[in-house]
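S.K.: Input entry-v7.txt, format and content: compact mmCIF, C-alpha atoms and all ligand atoms.
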# COMPACT_ATOMS: atom_id res chain seq x y z
CA MET J 408 59.34 60.98 39.55
CA ASN J 409 62.80 59.41 39.87
CA ASN J 410 61.69 57.31 42.77
CA VAL J 411 63.10 54.03 44.10
CA PHE J 412 61.53 50.82 42.74
CA VAL J 413 61.61 47.39 44.38
CA TYR J 414 60.53 44.38 42.32
CA VAL J 415 58.42 42.21 44.61
CA GLU J 416 58.88 38.49 44.09
CA LEU J 417 56.05 36.13 44.97
CA GLU J 418 56.50 32.58 46.26
CA ASN J 419 53.28 30.55 46.19
CA GLY J 420 51.27 33.77 46.31
CA ALA J 421 53.14 35.21 49.32
CA VAL J 422 55.74 37.98 49.24
CA ALA J 423 59.27 36.53 49.34
CA ASP J 424 61.33 37.51 52.40
CA VAL J 425 64.05 39.01 50.20
CA SER J 426 61.52 41.48 48.77
CA LEU J 427 60.56 42.58 52.28
CA GLU J 428 64.25 43.03 53.10
CA LEU J 429 64.63 45.14 49.94
CA LEU J 430 61.68 47.30 50.98
CA THR J 431 63.54 48.13 54.22
CA LYS J 432 66.67 49.12 52.31
CA GLY J 433 64.60 50.84 49.60
CA ARG J 434 62.79 52.89 52.27
CA GLU J 435 66.14 54.01 53.71
CA LEU J 436 67.47 55.00 50.24
CA ALA J 437 64.24 56.80 49.29
CA ASP J 438 64.26 58.78 52.56
CA ARG J 439 67.91 59.71 52.02
CA LEU J 440 67.07 60.93 48.48
CA GLY J 441 63.79 62.59 49.49
CA VAL J 442 61.78 60.52 46.98
CA LYS J 443 59.07 57.86 47.15
CA LEU J 444 59.48 54.10 47.51
CA GLU J 445 57.46 52.15 44.96
CA ALA J 446 56.88 48.38 44.91
CA VAL J 447 56.06 46.46 41.73
CA ALA J 448 54.23 43.13 42.08
CA MET J 449 53.27 40.86 39.17
CA GLY J 450 51.25 37.67 39.44
CA GLU J 451 47.79 36.17 39.16
CA ASN J 452 45.00 36.75 41.70
CA ILE J 453 47.18 38.95 43.88
CA ALA J 454 44.49 41.44 44.91
CA GLY J 455 45.16 42.66 48.44
CA ILE J 456 48.92 42.34 48.18
CA GLU J 457 49.20 46.13 48.00
CA LYS J 458 47.86 46.46 51.58
CA GLU J 459 50.63 44.18 52.81
CA LEU J 460 53.36 45.99 50.89
CA ALA J 461 52.27 49.42 52.11
CA LYS J 462 52.69 48.18 55.69
CA TYR J 463 56.28 47.31 54.83
CA GLY J 464 57.14 50.82 53.70
CA ALA J 465 56.00 51.23 50.06
CA ASP J 466 54.40 54.60 49.24
CA THR J 467 53.04 53.32 45.94
CA VAL J 468 52.34 49.77 44.85
CA TRP J 469 52.09 48.90 41.17
CA VAL J 470 50.09 45.71 40.65
CA ALA J 471 50.05 43.74 37.40
CA ASP J 472 47.47 41.00 37.98
CA ASP J 473 47.08 38.67 35.00
CA LYS J 474 47.50 34.98 34.33
CA ILE J 475 50.38 35.72 31.98
CA PHE J 476 52.45 36.68 35.06
CA SER J 477 52.05 33.34 36.82
CA PRO J 478 54.18 31.31 36.84
CA PHE J 479 57.12 33.66 36.23
CA ARG J 480 58.09 33.92 32.56
CA THR J 481 61.04 36.13 31.72
CA LEU J 482 59.81 37.90 28.60
CA PRO J 483 56.30 39.03 29.66
CA HIS J 484 57.71 40.17 33.03
CA THR J 485 60.52 42.06 31.25
CA SER J 486 58.11 43.71 28.83
CA ALA J 487 55.76 44.85 31.64
CA LEU J 488 58.51 46.14 33.95
CA CYS J 489 60.42 47.91 31.16
CA GLY J 490 57.20 49.67 30.09
CA LEU J 491 56.62 50.85 33.65
CA ILE J 492 60.23 51.98 34.10
CA GLU J 493 60.14 53.91 30.82
CA ALA J 494 56.94 55.65 31.91
CA GLU J 495 57.88 56.34 35.54
CA LYS J 496 61.66 56.79 35.21
CA PRO J 497 62.77 55.53 38.64
CA GLN J 498 66.41 56.33 39.47
CA ILE J 499 66.95 53.01 41.27
CA VAL J 500 65.47 49.51 40.74
CA LEU J 501 66.23 46.66 43.16
CA PHE J 502 65.73 42.90 42.75
CA GLY J 503 66.38 39.88 44.98
CA ALA J 504 69.38 37.79 43.85
CA THR J 505 67.14 34.71 43.63
CA PRO J 506 66.85 32.38 40.62
CA VAL J 507 64.02 34.63 39.35
CA GLY J 508 65.91 37.89 40.05
CA ARG J 509 69.09 36.56 38.46
CA ASP J 510 67.15 35.78 35.28
CA PHE J 511 64.89 38.84 35.27
CA ALA J 512 67.19 41.74 36.30
CA PRO J 513 69.82 41.26 33.53
CA ARG J 514 67.04 41.12 30.90
CA VAL J 515 65.59 44.39 32.16
CA SER J 516 68.97 46.13 32.39
CA SER J 517 70.01 45.05 28.91
CA ALA J 518 66.63 46.03 27.43
CA LEU J 519 66.99 49.48 29.01
CA HIS J 520 70.73 49.78 28.17
CA SER J 521 71.64 50.46 31.77
CA GLY J 522 74.02 48.78 34.22
CA LEU J 523 73.32 46.12 36.82
CA THR J 524 75.42 45.01 39.79
CA ALA J 525 74.71 41.46 40.94
CA ASP J 526 74.85 40.14 44.50
CA CYS J 527 75.32 43.41 46.36
CA THR J 528 75.87 43.13 50.09
CA GLN J 529 75.41 46.82 50.83
CA LEU J 530 73.70 49.78 49.14
CA GLU J 531 74.36 53.40 50.03
CA ILE J 532 73.92 56.86 48.54
CA GLY J 533 77.02 58.93 47.83
CA ASP J 534 78.68 61.45 45.53
CA HIS J 535 81.43 60.91 42.94
CA LYS J 536 83.94 63.06 41.09
CA ASP J 537 85.26 61.66 37.82
CA ALA J 538 89.05 61.70 38.08
CA LYS J 539 89.48 62.21 34.32
CA THR J 540 86.83 64.80 33.49
CA GLY J 541 86.43 66.42 36.90
CA LYS J 542 82.66 66.07 36.50
CA GLU J 543 80.80 65.78 39.79
CA TYR J 544 77.85 63.46 40.37
CA LYS J 545 75.53 63.76 43.34
CA ASP J 546 73.46 61.12 45.09
CA LEU J 547 74.56 58.03 43.18
CA LEU J 548 73.71 54.51 44.28
CA TYR J 549 76.85 52.91 45.72
CA GLN J 550 76.49 49.23 44.81
CA ILE J 551 78.86 47.44 47.16
CA ARG J 552 79.84 43.77 46.79
CA PRO J 553 82.81 41.45 47.33
CA ALA J 554 85.18 41.24 44.34
CA PHE J 555 88.36 39.40 43.34
CA GLY J 556 87.39 36.21 45.15
CA GLY J 557 86.05 38.16 48.12
CA ASN J 558 89.40 39.76 48.94
CA VAL J 559 88.17 43.33 48.44
CA MET J 560 84.83 45.10 48.71
CA ALA J 561 84.15 46.93 45.44
CA THR J 562 81.91 50.01 45.22
CA ILE J 563 80.31 50.10 41.78
CA ILE J 564 78.49 53.13 40.39
CA CYS J 565 76.43 53.77 37.29
CA PRO J 566 76.78 57.55 36.80
CA ASN J 567 75.63 57.99 33.20
CA TYR J 568 72.66 55.65 32.71
CA ARG J 569 69.34 55.21 34.46
CA PRO J 570 67.95 53.42 36.28
CA GLN J 571 70.74 52.27 38.58
CA MET J 572 70.01 48.60 39.17
CA ALA J 573 71.20 46.00 41.66
CA THR J 574 70.37 42.54 42.94
CA VAL J 575 70.78 41.73 46.63
CA ARG J 576 71.06 38.25 48.09
CA PRO J 577 68.39 36.99 50.51
CA GLY J 578 69.25 37.40 54.18
CA VAL J 579 71.75 40.24 53.72
CA MET J 580 69.50 43.23 54.46
CA GLU J 581 67.41 43.65 57.58
CA MET J 582 63.83 42.36 57.74
CA PRO J 583 61.37 45.25 58.15
CA GLN J 584 58.89 45.76 60.97
CA ARG J 585 55.27 45.97 59.85
CA ASP J 586 53.68 49.35 60.41
CA MET J 587 49.96 48.57 60.51
CA SER J 588 49.02 52.25 60.22
CA ARG J 589 50.79 52.80 56.88
CA GLN J 590 48.71 53.02 53.75
CA GLY J 591 50.01 53.22 50.23
CA LYS J 592 48.61 54.28 46.89
CA VAL J 593 47.73 51.40 44.57
CA THR J 594 47.97 51.63 40.81
CA VAL J 595 46.96 48.81 38.51
CA VAL J 596 49.39 48.20 35.67
CA ASP J 597 47.88 47.27 32.33
CA ALA J 598 50.86 45.83 30.50
CA GLY J 599 48.78 45.35 27.36
CA LEU J 600 49.84 41.69 27.12
CA SER J 601 47.74 38.66 26.27
CA MET J 602 48.46 34.95 26.63
CA ASP J 603 49.69 35.04 23.02
CA ASP J 604 52.67 37.06 24.27
CA ARG J 605 53.85 34.38 26.66
CA ASN J 606 56.60 32.99 24.34
CA VAL J 607 57.07 29.99 26.58
CA GLU J 608 54.45 27.44 27.52
CA ILE J 609 54.97 25.76 30.88
CA LEU J 610 53.69 22.20 30.51
CA GLN J 611 54.44 20.91 33.98
CA VAL J 612 56.02 22.16 37.19
CA VAL J 613 57.94 19.40 38.98
CA HIS J 614 58.94 20.12 42.57
CA ASP J 615 62.14 18.63 43.90
CA ASP J 616 60.93 16.03 46.41
CA LYS J 617 64.25 16.12 48.27
CA LYS J 618 63.60 17.78 51.63
CA SER J 619 65.44 21.03 51.22
CA VAL J 620 66.75 22.71 54.34
CA ASP J 621 66.70 26.43 54.91
CA ILE J 622 69.81 27.00 57.00
CA THR J 623 69.13 30.75 56.94
CA GLU J 624 66.24 30.16 59.37
CA ALA J 625 68.22 28.02 61.86
CA LYS J 626 68.95 29.44 65.32
CA VAL J 627 71.84 27.00 65.79
CA LEU J 628 74.22 25.80 63.07
CA VAL J 629 76.90 23.15 63.51
CA SER J 630 79.09 23.66 60.49
CA GLY J 631 81.78 21.36 59.11
CA GLY J 632 84.77 22.02 56.89
CA ARG J 633 87.71 20.15 55.41
CA GLY J 634 88.67 18.98 58.91
CA VAL J 635 85.53 16.77 58.96
CA GLY J 636 87.29 14.62 56.35
CA SER J 637 84.40 12.65 54.78
CA ALA J 638 80.62 12.40 54.33
CA GLU J 639 80.51 10.05 57.34
CA GLY J 640 82.42 12.67 59.33
CA TYR J 641 79.27 14.84 59.36
CA ALA J 642 77.31 12.25 61.42
CA PRO J 643 78.71 13.41 64.81
CA LEU J 644 78.01 17.03 63.74
CA ARG J 645 74.41 16.04 62.99
CA GLU J 646 74.09 14.55 66.49
CA LEU J 647 75.45 17.72 68.06
CA ALA J 648 73.08 19.83 65.96
CA GLU J 649 70.19 17.63 67.05
CA VAL J 650 70.84 18.01 70.78
CA LEU J 651 71.18 21.77 70.28
CA GLY J 652 67.97 21.93 68.21
CA GLY J 653 69.83 23.12 65.13
CA GLU J 654 70.93 22.18 61.63
CA VAL J 655 74.16 21.10 60.01
CA SER J 656 75.86 23.41 57.51
CA SER J 657 79.20 23.39 55.74
CA SER J 658 82.07 25.25 54.18
CA ARG J 659 82.37 24.99 50.41
CA ILE J 660 85.00 22.27 50.74
CA GLY J 661 82.41 19.87 52.18
CA VAL J 662 80.05 20.62 49.27
CA ASP J 663 82.72 20.45 46.55
CA SER J 664 83.94 17.14 47.98
CA GLY J 665 80.41 15.73 47.69
CA TRP J 666 80.14 15.15 51.48
CA ILE J 667 77.03 17.32 51.94
CA GLU J 668 74.29 19.03 49.88
CA LYS J 669 74.85 22.42 48.25
CA ASP J 670 71.86 23.99 50.06
CA ARG J 671 73.86 23.70 53.31
CA GLN J 672 76.83 25.76 52.12
CA VAL J 673 77.58 28.95 54.05
CA GLY J 674 79.51 31.78 52.45
CA GLN J 675 79.92 34.07 49.51
CA THR J 676 78.71 31.50 46.98
CA GLY J 677 76.49 29.77 49.53
CA LYS J 678 74.02 31.23 52.02
CA THR J 679 74.25 34.14 54.42
CA VAL J 680 73.25 33.03 57.92
CA HIS J 681 72.63 34.83 61.21
CA PRO J 682 72.15 32.09 63.83
CA ASP J 683 72.30 32.69 67.59
CA LEU J 684 75.05 30.04 67.73
CA TYR J 685 77.48 28.97 64.97
CA VAL J 686 79.79 26.04 65.79
CA ALA J 687 82.59 25.95 63.18
CA CYS J 688 84.21 22.49 63.17
CA GLY J 689 87.42 22.16 61.15
CA ILE J 690 86.79 25.40 59.21
CA SER J 691 89.79 27.69 58.81
CA GLY J 692 87.77 30.90 58.28
CA ALA J 693 88.57 31.92 54.70
CA ILE J 694 87.15 35.36 53.85
CA GLN J 695 84.58 33.80 51.50
CA HIS J 696 83.27 31.66 54.37
CA LEU J 697 83.29 34.47 56.93
CA ALA J 698 81.24 36.61 54.48
CA GLY J 699 78.33 34.24 55.03
CA MET J 700 78.45 33.79 58.83
CA GLU J 701 80.09 36.80 60.47
CA GLY J 702 76.64 38.08 61.47
CA SER J 703 76.26 35.08 63.84
CA GLU J 704 75.48 36.07 67.42
CA PHE J 705 77.95 33.69 69.11
CA VAL J 706 80.66 31.64 67.40
CA ILE J 707 82.44 28.57 68.75
CA ALA J 708 85.45 27.37 66.74
CA ILE J 709 86.72 23.80 67.10
CA ASN J 710 90.05 23.55 65.31
CA LYS J 711 93.49 21.99 65.62
CA ASP J 712 95.07 25.28 64.60
CA GLU J 713 94.73 27.93 67.26
CA THR J 714 96.05 30.63 64.90
CA CYS J 715 93.47 30.20 62.12
CA PRO J 716 91.16 33.17 61.27
CA MET J 717 88.07 31.36 62.58
CA MET J 718 89.71 31.14 66.02
CA LYS J 719 90.31 34.90 65.91
CA LEU J 720 86.67 35.62 65.00
CA ALA J 721 85.24 33.13 67.52
CA ASP J 722 83.81 34.13 70.88
CA LEU J 723 85.03 30.76 72.19
CA GLY J 724 87.76 28.58 70.71
CA ILE J 725 88.35 24.89 71.48
CA VAL J 726 91.77 23.74 70.26
CA GLY J 727 91.96 20.06 69.33
CA ASP J 728 90.68 17.25 67.11
CA LEU J 729 87.02 17.75 66.23
CA HIS J 730 86.52 13.98 65.95
CA VAL J 731 87.25 13.76 69.69
CA ILE J 732 85.71 17.05 70.84
CA VAL J 733 82.34 17.00 68.99
CA PRO J 734 81.12 13.61 70.41
CA LYS J 735 82.29 14.64 73.89
CA LEU J 736 80.39 17.91 73.59
CA THR J 737 77.23 16.06 72.47
CA GLU J 738 77.47 13.65 75.41
CA ALA J 739 78.07 16.51 77.85
CA ILE J 740 75.01 18.42 76.57
CA LYS J 741 72.87 15.27 76.73
CA ALA J 742 74.01 14.65 80.31
CA TYR J 743 73.35 18.29 81.23
CA LYS J 744 69.86 18.15 79.72
CA ALA J 745 69.08 14.89 81.51
CA ALA J 746 70.20 16.42 84.81
CA GLN J 747 68.10 19.53 84.18
CA LYS J 748 65.22 17.46 82.74
CA VAL J 749 65.07 19.60 79.57
CA ASP J 750 64.21 18.32 76.08
P1 LIG T 801 90.47 24.71 54.97
O1 LIG T 801 90.75 26.14 54.70
O2 LIG T 801 91.35 23.69 54.33
O3 LIG T 801 90.52 24.53 56.55
C1 LIG T 801 90.40 23.33 57.21
C2 LIG T 801 90.57 23.59 58.69
O4 LIG T 801 90.31 22.39 59.40
C3 LIG T 801 91.97 24.04 59.08
O5 LIG T 801 91.86 25.23 59.87
C4 LIG T 801 92.52 22.90 59.92
O6 LIG T 801 93.34 23.34 60.98
C5 LIG T 801 91.24 22.29 60.46
N1 LIG T 801 91.33 20.85 60.78
C6 LIG T 801 91.79 19.84 59.99
N2 LIG T 801 91.59 18.66 60.61
C7 LIG T 801 91.01 18.92 61.80
C8 LIG T 801 90.54 18.13 62.88
N3 LIG T 801 90.63 16.78 62.83
N4 LIG T 801 90.01 18.74 63.94
C9 LIG T 801 89.91 20.08 64.01
N5 LIG T 801 90.33 20.90 63.02
C10 LIG T 801 90.85 20.32 61.93
N6 LIG T 801 84.16 28.83 50.92
C11 LIG T 801 83.07 28.69 51.68
O7 LIG T 801 83.11 28.07 52.75
N7 LIG T 801 81.88 29.23 51.26
C12 LIG T 801 81.75 29.93 50.12
O8 LIG T 801 80.66 30.37 49.80
C13 LIG T 801 82.91 30.10 49.30
N8 LIG T 801 82.85 30.82 48.17
C14 LIG T 801 84.01 31.04 47.46
C15 LIG T 801 83.97 31.88 46.33
C16 LIG T 801 85.13 32.12 45.61
C17 LIG T 801 85.06 33.04 44.43
C18 LIG T 801 86.35 31.51 46.01
C19 LIG T 801 87.61 31.79 45.26
C20 LIG T 801 86.38 30.68 47.11
C21 LIG T 801 85.23 30.42 47.84
N9 LIG T 801 85.23 29.59 48.97
C22 LIG T 801 84.11 29.50 49.74
C23 LIG T 801 86.42 28.77 49.33
C24 LIG T 801 87.28 29.39 50.42
O9 LIG T 801 88.23 30.25 49.83
C25 LIG T 801 88.03 28.32 51.22
O10 LIG T 801 88.78 27.51 50.32
C26 LIG T 801 87.12 27.40 52.03
O11 LIG T 801 86.20 28.17 52.79
C27 LIG T 801 87.97 26.58 52.98
O12 LIG T 801 87.14 25.67 53.63
P2 LIG T 801 87.58 25.01 54.99
O13 LIG T 801 87.77 26.06 56.03
O14 LIG T 801 86.62 23.92 55.25
O15 LIG T 801 88.99 24.30 54.60
Take the structure in this file and express it as structure tokens.
Ligand code: FAD
M.R.:
Amino acid sequence: MNNVFVYVELENGAVADVSLELLTKGRELADRLGVKLEAVAMGENIAGIEKELAKYGADTVWVADDKIFSPFRTLPHTSALCGLIEAEKPQIVLFGATPVGRDFAPRVSSALHSGLTADCTQLEIGDHKDAKTGKEYKDLLYQIRPAFGGNVMATIICPNYRPQMATVRPGVMEMPQRDMSRQGKVTVVDAGLSMDDRNVEILQVVHDDKKSVDITEAKVLVSGGRGVGSAEGYAPLRELAEVLGGEVSSSRIGVDSGWIEKDRQVGQTGKTVHPDLYVACGISGAIQHLAGMEGSEFVIAINKDETCPMMKLADLGIVGDLHVIVPKLTEAIKAYKAAQKVD
């Protein structure tokens, strides 16, 4: 009882990376509390998924396998999960801050009259003493996230209602290692729903045919900011990214100015990235941008202003005009590769 639940999101029948990341964090929280980690998966024809989830740390896997759960529909999912939470009374429930999680988690929290903190970047267990009443609370979930435009990190608690619920953005928590020897208990959930309970009929699913880029997977990112100056200004960055085998990304300014697609934005309201190399071209290093890239292994800043925060964060700073430096860098790398005979 009072275990830790992780809602497992499925993408084309496979477990979403964010759910695996949440299992790692959930395992850590459950161990700290001395309770079990339980995963909840809902979908159609998902037999066998429990074996996979057990290897990623779940002690128990709840499986709701019915065509009403695929594709995702908010109300049947909410009804099934709320029923399970009311029966099992977990103390913590975690969701990915994905389009599905951002729709699903608030429904569940409002149905259960409990709190929810969106977009957490860290989760910890800690105690709390109410300054007014003097009442002491033990082992609360500290739900930590940027607040006030990213200028402070807020720790949010939910002392009086259960479960404590949070969403966490993809790429923020560590990816777990698979432990092939682990085995979990599987319990089939009968939500007691039929297709008549689906509320919404999905007539057609239309996939965006625009090639979407997952910058969170890139090992090298060449990122542009206001200093790039225009949509055309990203072309030299693209060439540099190409010779380095990477992708182009951007600060929010580039996206808001319509110079580059939203799925390439790095930062608090964009994506969290962890490349081996991040080349920041004409990006000042506002806190909201740093929040998305400070986990990069090696950072090169190209900027006219040697005092800007990005220069301070960078492992290597090149002071000057990016329009001059970036093409020179590309040519130099091409020449180096030709001399070394590398592709
Ligand atoms: P600027 O801060 O204007 O910096 C431009 C830099 O380019 C300067 O350092 C300048 O010296 C340099 N430069 C100019 N010309 C050249 C040149 N020719 N050669 C070399 N250097 C040059 N921002 C994000 O990026 N991602 C987010 O997810 C995000 N989320 C936000 C969420 C909230 C709630 C808020 C309030 C803001 C958010 N922002 C985000 C915006 C953020 O605060 C900054 O405004 C933004 O990151 C600044 O982008 P920038 O560095 O490209 O531009």
S.K.: Using 6 Å as the limit and counting all atoms listed in the file, can you tabulate each residue of chain J that touches ligand LIG 801 (chain T), with its shortest atom-to-atom distance in Å and the two atoms involved, as CSV?
M.R.:
residue,atom,partner,partner_atom,distance
J:Gly556,CA,T:LIG801,C17,4.0
J:Gly632,CA,T:LIG801,O14,3.1
J:Arg633,CA,T:LIG801,O14,3.9
J:Gly634,CA,T:LIG801,N2,3.4
J:Ser658,CA,T:LIG801,O7,3.3
J:Arg659,CA,T:LIG801,O7,3.9
J:Ile660,CA,T:LIG801,O12,4.9
J:Val673,CA,T:LIG801,N7,5.1
J:Gly674,CA,T:LIG801,O8,3.2
J:Gln675,CA,T:LIG801,O8,3.8
J:Thr676,CA,T:LIG801,O8,3.6
J:Gly677,CA,T:LIG801,O8,4.2
J:Gly689,CA,T:LIG801,O4,3.4
J:Ile690,CA,T:LIG801,O13,3.4
J:Ser691,CA,T:LIG801,O5,3.4
J:Gly692,CA,T:LIG801,O13,5.3
J:Ala693,CA,T:LIG801,O11,4.8
J:Gln695,CA,T:LIG801,C13,4.6
J:His696,CA,T:LIG801,O7,3.9
J:Ile709,CA,T:LIG801,C9,5.8
J:Asn710,CA,T:LIG801,N5,3.5
J:Lys711,CA,T:LIG801,N5,4.2
J:Asp712,CA,T:LIG801,O6,4.5
J:Cys715,CA,T:LIG801,O5,5.7
J:Gly727,CA,T:LIG801,C9,5.7
J:Asp728,CA,T:LIG801,N4,3.6
J:Leu729,CA,T:LIG801,N4,3.9
J:His730,CA,T:LIG801,N3,5.9
S.K.: Quick check, in Å to one decimal: how far apart do atom CA of J:Asp603 and atom CA of J:Leu519 lie?
M.R.: 23.3 Å
S.K.: Write out as a ChimeraX atom specification which residues come within 9 Å of J:Ser486 when counting all atoms listed in the file, dropping same-chain ones fewer than 3 positions away.
M.R.: /J:481-483,489-491,515,518,598,600
S.K.: How far is it from atom CA of J:Ala454 to atom CA of J:Asp438, in Å with one decimal?
M.R.: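 Result for atom CA of J:Ala454 versus atom CA of J:Asp438: 27.4 Å, one decimal.
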S.K.: Please identify all polymer residues within 12 Å of stretch 473-480 of chain J, counting only C-alpha atoms, omitting same-chain residues fewer than 2 positions from it, and present them as a PyMOL selection string.
M.R.: chain J and resi 416-420+448-454+470-471+482-488+506-508+510-511+514+595-612
S.K.: Have a look at J:Gln571, J:Ser664, J:Ser656, J:Thr562 and name the one nearest to J:Val413; count all atoms listed in the file.
M.R.: J:Gln571
S.K.: Hey, what's within 10 Å of J:Ile499 if we count all atoms listed in the file and toss same-chain stuff fewer than 3 positions away? As number ranges by chain, please?
M.R.: J: 409-413, 433, 436-437, 444, 492, 496, 547-548, 569-573
S.K.: From the list J:Val442, J:Ala538, J:Val650, J:Ala525, which residue is nearest J:Gln498 when using only C-alpha atoms?
M.R.: J:Val442
S.K.: Rank nothing, just name the residue among J:Gly522, J:Gly464, J:Gly455, J:Pro682 nearest to J:Glu654, using only C-alpha atoms.
M.R.: J:Pro682
S.K.: List as a list of chain:residue names the residues having at least one atom at most 12 Å from position (81.7, 34.2, 67.1) as given in the file, counting all atoms listed in the file.
M.R.: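 Counting all atoms listed in the file, I find these residues within 12 Å of (81.7, 34.2, 67.1): J:Leu628, J:His681, J:Pro682, J:Asp683, J:Leu684, J:Tyr685, J:Val686, J:Ala687, J:Gly692, J:Leu697, J:Met700, J:Glu701, J:Gly702, J:Ser703, J:Glu704, J:Phe705, J:Val706, J:Ile707, J:Ala708, J:Ile709, J:Pro716, J:Met717, J:Met718, J:Lys719, J:Leu720, J:Ala721, J:Asp722, J:Leu723, J:Gly724.
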S.K.: How many Å lie between atom CA of J:Ala698 and atom CA of J:Ser426, rounded to one decimal?
M.R.: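 Between atom CA of J:Ala698 and atom CA of J:Ser426 the gap is 21.1 Å.
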S.K.: Please define a box with edges along x, y and z of the file around all atoms of stretch 468-480 of chain J given in the file, extend it by 8 Å on each side, and return its centre and edge lengths in Å to one decimal, as JSON.
M.R.:
{"center_x": 52.6, "center_y": 40.5, "center_z": 38.4, "size_x": 27.0, "size_y": 34.5, "size_z": 28.9}
S.K.: Give the answer as one residue: which of J:Arg671, J:Lys741, J:Arg509, J:Lys592 has the shortest atom-to-atom distance to J:Ser630, using only C-alpha atoms?
M.R.: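 Of J:Arg671, J:Lys741, J:Arg509, J:Lys592, the one nearest J:Ser630 is J:Arg671, counting only C-alpha atoms.
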S.K.: From the list J:Pro566, J:Gly652, J:Gly636, J:Gly661, which residue is nearest J:Glu543 when using only C-alpha atoms?
M.R.: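 With only C-alpha atoms as the atom set, the closest residue is J:Pro566.
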S.K.: Find, counting only C-alpha atoms, the residue in J:Val559, J:Val629, J:Val425, J:Ala504 that gets nearest to J:Pro583.
M.R.: J:Val425
S.K.: Tell me which protein, DNA and RNA residues are within 6 Å of J:Cys527, counting all atoms listed in the file, leaving out same-chain ones fewer than 6 positions away, and put them as a list in words.
M.R.: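 Near neighbours after the sequence-gap exclusion: Ile551, Arg552 and Val575 of chain J.
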S.K.: Fewer than 4 positions away in the same chain doesn't count, so skip those; otherwise give me all residues within 6 Å of J:Trp666, counting all atoms listed in the file, as a ChimeraX atom specification.
M.R.: /J:637-638,661-662
